[in-house]
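A.B. asks: Sending over a structure as structure tokens; questions will come in a sec.
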Amino acid sequence: MNTVTLTVKKTPELFLECENVNPDTFAGKKADQIAKLGAFQGREISTLGDYFTIAGEAGPTAADTKIIVNGDCTKMKYIGAKMTAGEVVVNSACDMYTGSWMKGGKLVVNGDVHSFCGLAMAGGEFTINGNAGNYLGAAYRGDWRGMSGGVLRVKGNAGSDVATFMTGGTLIIEGDVDIHLGTHMEGGKIILKGNANRRVGGQLVKGEIYVFGSINVMMPGYKPVREVELDVDGTKANFVEFIGDLGERHPKRKGETVYGKLFMKK
């Protein structure tokens, strides 16, 4: 795998849209060609070379390309967005839309990310070694298709409205979350190692939510049905299984109603 290293040499005054910092776009290009790729700052079109020092050469395909980004990226959006293969490592915090619409490959952020990251993620591995903002792994505003595949892991905390309209994939949060986790969920798996505020799994139709900590206020539309021992993300423990959200319409399979499930660690 060939490696391209980007080092921030100038901080944008506004916010820099870095959707071209992506193995799919870099594939087959040398450093001077990468430097000419566009990057929007407000209405103005800049180039990656205006903001980064670029070293190395990309592989012939996205799968053969690794990108390492060093320096302050707190005003940089869309890094790794829509990537399908390869690897991106960002040694900084990032702004909005990082890893959104991701379909494959591996993205690691060694810092925090802002809101709206991992939107509609469909595949690959996205690891955030810090905290995440609101609407992580959710649907784009006005859309009804959230995260549908892949694995998204947050080592710290996350904000509100996480995994809204989630339909597939696995989201793991090792810290705490705010309100509205898994709202309108229709598939997939959420594992929360910490605590949640309120309204977990509101309007859940299908999918699974595992909570290791506590929920400040449990939604009234959940019914406990049994206790079960499970191995969740490498931890074996006893959980209380709830079905819900009972206030929603649920599909039937082979004559039996299909419910979403919420598991609370005992």
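Naming scheme: A, B, ... for chains in displayed order of the structure tokens; residues 1 onward per chain; ligands 1 onward as shown.
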Got a sec: who's within 12 Å of Met166 in chain A, counting only C-alpha atoms, leaving out chain neighbours fewer than 4 positions off, as an MDAnalysis selection string?

C.D. replies: chainID A and resid 118:122 135:140 143:150 161:162 170:171 181:190 201 203:209

A.B. asks: Using the selection just defined, write its residues with C-alpha atoms as a PDB file, in the first residue's frame.

C.D. replies:
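Written file, again_26.pdb:
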```
ATOM      1  CA  GLY A 118     -20.609   9.182   9.469  1.00  0.00           C
ATOM      2  CA  LEU A 119     -23.928  10.233   7.911  1.00  0.00           C
ATOM      3  CA  ALA A 120     -25.581   7.446   5.900  1.00  0.00           C
ATOM      4  CA  MET A 121     -22.474   5.284   6.281  1.00  0.00           C
ATOM      5  CA  ALA A 122     -22.912   2.120   4.201  1.00  0.00           C
ATOM      6  CA  TYR A 135     -26.277  13.292  14.403  1.00  0.00           C
ATOM      7  CA  LEU A 136     -23.460  10.740  14.267  1.00  0.00           C
ATOM      8  CA  GLY A 137     -24.335   7.910  11.835  1.00  0.00           C
ATOM      9  CA  ALA A 138     -27.710   9.535  11.197  1.00  0.00           C
ATOM     10  CA  ALA A 139     -29.600  10.475   8.060  1.00  0.00           C
ATOM     11  CA  TYR A 140     -28.829  13.665   6.180  1.00  0.00           C
ATOM     12  CA  ASP A 143     -33.617  12.250   4.322  1.00  0.00           C
ATOM     13  CA  TRP A 144     -34.858   9.046   5.962  1.00  0.00           C
ATOM     14  CA  ARG A 145     -31.832   6.818   5.288  1.00  0.00           C
ATOM     15  CA  GLY A 146     -29.260   6.759   8.040  1.00  0.00           C
ATOM     16  CA  MET A 147     -26.360   4.378   8.619  1.00  0.00           C
ATOM     17  CA  SER A 148     -26.941   1.127   6.710  1.00  0.00           C
ATOM     18  CA  GLY A 149     -23.658  -0.802   7.009  1.00  0.00           C
ATOM     19  CA  GLY A 150     -20.103  -0.921   8.266  1.00  0.00           C
ATOM     20  CA  ASP A 161     -29.808  12.383  17.695  1.00  0.00           C
ATOM     21  CA  VAL A 162     -27.189   9.676  17.116  1.00  0.00           C
ATOM     22  CA  THR A 170     -22.943  -1.545  13.915  1.00  0.00           C
ATOM     23  CA  LEU A 171     -22.401   1.595  15.986  1.00  0.00           C
ATOM     24  CA  LEU A 181     -30.346   7.643  20.471  1.00  0.00           C
ATOM     25  CA  GLY A 182     -31.636   5.370  17.687  1.00  0.00           C
ATOM     26  CA  THR A 183     -34.771   7.364  16.856  1.00  0.00           C
ATOM     27  CA  HIS A 184     -36.770   5.929  13.903  1.00  0.00           C
ATOM     28  CA  MET A 185     -34.378   2.945  13.848  1.00  0.00           C
ATOM     29  CA  GLU A 186     -35.306   0.217  11.340  1.00  0.00           C
ATOM     30  CA  GLY A 187     -32.319  -2.120  11.591  1.00  0.00           C
ATOM     31  CA  GLY A 188     -28.710  -2.439  12.647  1.00  0.00           C
ATOM     32  CA  LYS A 189     -27.085  -2.612  16.060  1.00  0.00           C
ATOM     33  CA  ILE A 190     -26.143   0.054  18.593  1.00  0.00           C
ATOM     34  CA  GLY A 201     -35.092   3.997  20.753  1.00  0.00           C
ATOM     35  CA  GLN A 203     -40.173   4.905  17.284  1.00  0.00           C
ATOM     36  CA  LEU A 204     -37.865   1.886  16.993  1.00  0.00           C
ATOM     37  CA  VAL A 205     -39.315  -0.645  14.538  1.00  0.00           C
ATOM     38  CA  LYS A 206     -36.431  -3.083  13.979  1.00  0.00           C
ATOM     39  CA  GLY A 207     -32.845  -3.424  15.173  1.00  0.00           C
ATOM     40  CA  GLU A 208     -31.078  -3.846  18.500  1.00  0.00           C
ATOM     41  CA  ILE A 209     -29.799  -1.426  21.122  1.00  0.00           C
TER      42      ILE A 209
END
```

A.B. asks: From the DSSP assignment of the backbone, select every residue of range 38-144 of chain A that is strand (DSSP E or B), and format the answer as a ChimeraX atom specification.

C.D. replies: /A:38-41,44-47,52-57,65-70,73,76-77,87-91,94,106-109,113,125-128

A.B. asks: How would the residues just picked look written out with C-alpha atoms as a PDB file, in the first residue's frame?

C.D. replies:
```pdb
ATOM      1  CA  GLY A  38      -9.870  21.390  -5.555  1.00  0.00           C
ATOM      2  CA  ALA A  39     -10.985  22.392  -2.077  1.00  0.00           C
ATOM      3  CA  PHE A  40     -13.799  24.872  -1.428  1.00  0.00           C
ATOM      4  CA  GLN A  41     -13.596  27.576   1.228  1.00  0.00           C
ATOM      5  CA  GLU A  44     -13.812  30.370  -3.329  1.00  0.00           C
ATOM      6  CA  ILE A  45     -12.160  27.381  -4.975  1.00  0.00           C
ATOM      7  CA  SER A  46      -8.730  26.653  -3.562  1.00  0.00           C
ATOM      8  CA  THR A  47      -6.485  23.621  -3.997  1.00  0.00           C
ATOM      9  CA  PHE A  52      -1.215  21.126   2.751  1.00  0.00           C
ATOM     10  CA  THR A  53       2.343  20.055   2.137  1.00  0.00           C
ATOM     11  CA  ILE A  54       2.002  16.793   0.228  1.00  0.00           C
ATOM     12  CA  ALA A  55       4.548  13.975   0.193  1.00  0.00           C
ATOM     13  CA  GLY A  56       4.445  10.514  -1.343  1.00  0.00           C
ATOM     14  CA  GLU A  57       2.551   8.899  -4.167  1.00  0.00           C
ATOM     15  CA  THR A  65      -3.689   3.985  -1.109  1.00  0.00           C
ATOM     16  CA  LYS A  66      -3.211   5.170   2.464  1.00  0.00           C
ATOM     17  CA  ILE A  67      -3.533   8.828   3.443  1.00  0.00           C
ATOM     18  CA  ILE A  68      -2.051  10.282   6.642  1.00  0.00           C
ATOM     19  CA  VAL A  69      -3.113  13.799   7.621  1.00  0.00           C
ATOM     20  CA  ASN A  70      -1.064  15.724  10.188  1.00  0.00           C
ATOM     21  CA  CYS A  73      -7.906  19.895  10.876  1.00  0.00           C
ATOM     22  CA  MET A  76     -11.747  20.908   7.674  1.00  0.00           C
ATOM     23  CA  LYS A  77     -14.901  19.055   6.543  1.00  0.00           C
ATOM     24  CA  GLU A  87      -7.162   3.902   4.465  1.00  0.00           C
ATOM     25  CA  VAL A  88      -7.212   7.407   5.942  1.00  0.00           C
ATOM     26  CA  VAL A  89      -5.632   8.359   9.287  1.00  0.00           C
ATOM     27  CA  VAL A  90      -6.197  11.880  10.634  1.00  0.00           C
ATOM     28  CA  ASN A  91      -4.012  12.891  13.570  1.00  0.00           C
ATOM     29  CA  CYS A  94     -12.055  17.177  12.357  1.00  0.00           C
ATOM     30  CA  LYS A 106     -10.785   2.250   6.947  1.00  0.00           C
ATOM     31  CA  LEU A 107     -10.930   5.731   8.467  1.00  0.00           C
ATOM     32  CA  VAL A 108      -9.328   6.622  11.820  1.00  0.00           C
ATOM     33  CA  VAL A 109      -9.566  10.024  13.486  1.00  0.00           C
ATOM     34  CA  VAL A 113     -15.237  15.014  15.338  1.00  0.00           C
ATOM     35  CA  GLU A 125     -14.639   0.869   9.369  1.00  0.00           C
ATOM     36  CA  PHE A 126     -14.709   4.308  10.960  1.00  0.00           C
ATOM     37  CA  THR A 127     -12.995   4.763  14.340  1.00  0.00           C
ATOM     38  CA  ILE A 128     -13.081   8.000  16.333  1.00  0.00           C
TER      39      ILE A 128
END
```

A.B. asks: Measure the distance from CA of Lys82 in chain A to CA of Lys103 in chain A in Å and round it to one decimal.

C.D. replies: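 CA of Lys82 in chain A sits 6.3 Å away from CA of Lys103 in chain A.
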
A.B. asks: Please compute the CA of Tyr78 in chain A-CA of Leu16 in chain A distance, one decimal, in Å.

C.D. replies: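 Answer for the CA of Tyr78 in chain A to CA of Leu16 in chain A separation: 8.7 Å.
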
A.B. asks: Rounded to one decimal place, report the CA of Asp245 in chain A-CA of Pro224 in chain A distance in Å.

C.D. replies: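 Result for CA of Asp245 in chain A versus CA of Pro224 in chain A: 11.5 Å, one decimal.
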